[in-house]
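Visitor: Would you mind keeping the following structure in view while I ask a few things?
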Amino acid sequence: MTPGGAGVAQRHDQPTGGPAGLIGIGYEPGGAPGARSAVVDGPYGGNDGTYGPDDAAYGPVMASRSGDDGTDRGAAPEIGPELASHTADEVLAGYLHQQSADFLRSLRQHRESGSDAEGAGEAARQLRRAARRISATLYTFRPMTEEAWADQLRSELGWLSGTLAREQACAARRERLMAALQRLTGRGPERGDRGDRTGRGERGKRGDRTTTSASTGPATSAAASSAAPSGDPDPDGALAAGAARAGALLDRQLTLARTRAHSAALQALGSSRFHAVADSVAVLASEAPLARTTAELPAGEALPPLAEQAHRRLAEAVAALPLSRAGYPYNAAALAADQRQDAPWHQVRMLVRLSRYAREVIAPEHSDLRLAEAGRALEWHRDAAEAAAAAAAAARTPRIAPATAYALGVLHADQRHEVEAARFAFGRVWLPRTPDRKG
């Protein structure tokens with residue numbers, strides 16, 4: 001591994017695994033090799049809430065081959081006439097030239113954005129988007145490239161993309177957790193404090209012992225974390241008592257993390273290491289470092305087997321997931337705060353990207369709806385898992401009030417329920433449709 005800390009991707013010939021700092025959850029050895037190094041964490045994808053499209057929508061692009069157990073064993077994308085009439089060198093070089101030009105264009109927009117934070121953020125997202133595709137292409141089609149040069153560039157692109165992604169990750173995590181707290185407590189900026197209509201606000205002003213127990217002693221602090229009194233009309237009193245402090249604690253921690261990530265990104269963009277990466281991408285934009293044999297191989301024969309190999313690795317990783325249990329709503333399998341159980345799902349998310357980007361190379365005119373939907377479900381899974389880890393980390397802060405710890409525990413459980421829902425959504429997308437059972 002080259003220097004550079006958590007943002008540097010692993011070599012293909014090293015065991016899969018990596019630092020937990022980039023996404024909050026590390027990877028266990030033994031997964032599909034190289035997925036972490038080929039596709040680094042990029043911008044947080046949006047979630048439109050649409051999962052489980054009809055199988056007919058996949059069209060000829062996804063010719064699914066299912067095994068006896070219903071698990072997808074692989075898929076062969078349709079090969080267009082433009083692929084059959086070109087050499088592997090022409091197709092790969094054209095795709096890499098396009099992505100390198102997008103990278104350089106985004107870099108120029110980032111430099112010209114100045115004090116426009118929104119413009120700089122969008123330029124950084126586009127830059128990471130191009131970096132992911134370059135890195136994934138160099139990995140999937142590695143036998144067609146000058147391997148030493150390609151491995152070095154992939155490693156450096158992983159460092160750059162990972163460094164730039166941390167700031168947005170902290171901002172997205174903060175926004176997610178603040179929204180979840182408002183939803184759980186039934187309070188929002190537009191509705192005001194819920195205590196105004198239950199009388200709890202006035203009791204707090206008069207120094208009610210339940211709401212001030214966090215600072216009075218251990219005996220009364222325990223009361224704040226217990227259920228509300230039987231005569232209280234608000235059953236969520238304990239949660240409301242600690243939600244404000246929990247929100248303030250999370251805001252303070254995540255804002256500090258974002259500030260540090262922003263400083264690290266600025267330092268990276270001004271380093272000699274970054275300029276070396278930009279120079280390499282500029283070279284790639286004009287002359288792709290491909291093996292000499294690619295100029296003699298037909299694209300229709302050389303590239304599809306490598307793309308199908310990427311999908312086969314994905315299918316094998318999905319087959320190892322507990323989809324049978326995740327297919328039942330409210331199965332509670334994801335509620336345990338064990339980061340190891342999330343690692344295979346994160347690995348599959350990386351492999352979904354690898355397969356999707358490989359298809360962009362050989363079939364750019366076709367979009368694979370199932371892979372796109374699966375990727376969104378797994379991004380939802382990643383976001384919820386990291387938010388739950390942030391809530392658990394905040395709950396381990398020394399000397400916090402019991403009511404605050406209780407609110408953070410409820411928030412953690414809520415995000416783990418989101419993890420469970422994301423797994424269910426992924427299973428609905430990935431597994432073939434079966435007729436509904438009749439009761």
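Within each chain, counting starts at residue 1; across the structure tokens, chains are named A, B, ... in the order shown, with ligands numbered 1 upward in that order.
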Would you mind listing what lies within 8 Å of Phe426 in chain A as a PyMOL selection string, with only C-alpha atoms counted and same-chain residues fewer than 2 positions away left out?
Guide: chain A and resi 51+373-374+377-378+422-424+428-430
Visitor: Kindly give the distance, in Å, that separates CA of Trp149 in chain A and CA of Ala101 in chain A, rounded to a single decimal.
Guide: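 These atoms are spaced 18.7 Å apart.
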Visitor: List the spatial neighbours of Ala390 in chain A as JSON, numbers by chain - criterion: any atom at most 10 Å away, only C-alpha atoms, same-chain residues fewer than 5 positions off excluded.
Guide: {"A": [24, 170, 173, 174, 177, 250, 253, 254, 384, 385, 395, 408, 411, 412]}
Visitor: Would you pick out the contacts of range 333-335 of chain A at 6 Å or less, using only C-alpha atoms, so that residues sharing its chain but fewer than 2 positions from it are not included, and give the list as an mmCIF file with C-alpha atoms, in the first residue's frame?
Guide:
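Final file, out04.cif:
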data_model
loop_
_atom_site.group_PDB
_atom_site.id
_atom_site.type_symbol
_atom_site.label_atom_id
_atom_site.label_comp_id
_atom_site.auth_asym_id
_atom_site.auth_seq_id
_atom_site.Cartn_x
_atom_site.Cartn_y
_atom_site.Cartn_z
ATOM 1 C CA ASN A 331 -36.577 -9.712 11.029
ATOM 2 C CA ARG A 416 -30.241 0.052 12.601
ATOM 3 C CA GLU A 420 -32.644 -3.686 8.060
#
Visitor: List as a ChimeraX atom specification the protein and nucleic acid residues near Pro364 in chain A, meaning an atom at most 10 Å away when only C-alpha atoms are counted, but skip any in the same chain fewer than 5 places from it.
Guide: /A:80,83,95,357-359
Visitor: How would the residues just chosen look if you wrote them out with C-alpha atoms as a short mmCIF file (atom, residue, chain, number, x, y, z; two decimals), in the first residue's frame?
Guide:
data_model
loop_
_atom_site.label_atom_id
_atom_site.label_comp_id
_atom_site.auth_asym_id
_atom_site.auth_seq_id
_atom_site.Cartn_x
_atom_site.Cartn_y
_atom_site.Cartn_z
CA GLY A 80 -23.89 -3.60 -29.55
CA LEU A 83 -18.40 -2.91 -29.87
CA TYR A 95 -13.85 5.54 -22.34
CA TYR A 357 -19.04 0.68 -14.53
CA ALA A 358 -17.88 -2.32 -16.57
CA ARG A 359 -21.20 -2.28 -18.37
#
Visitor: May I ask which of the residues A:Leu153, A:Arg142, A:Leu269, A:Arg325 is the closest one to Val283 in chain A, counting only C-alpha atoms?
Guide: A:Leu153
Visitor: Would you list the contacts of Ala244 in chain A as a PyMOL selection string, taking every protein, DNA or RNA residue within 9 Å and counting only C-alpha atoms, but skipping same-chain residues closer than 3 positions in sequence?
Guide: chain A and resi 181+240-241+247-249+404+407
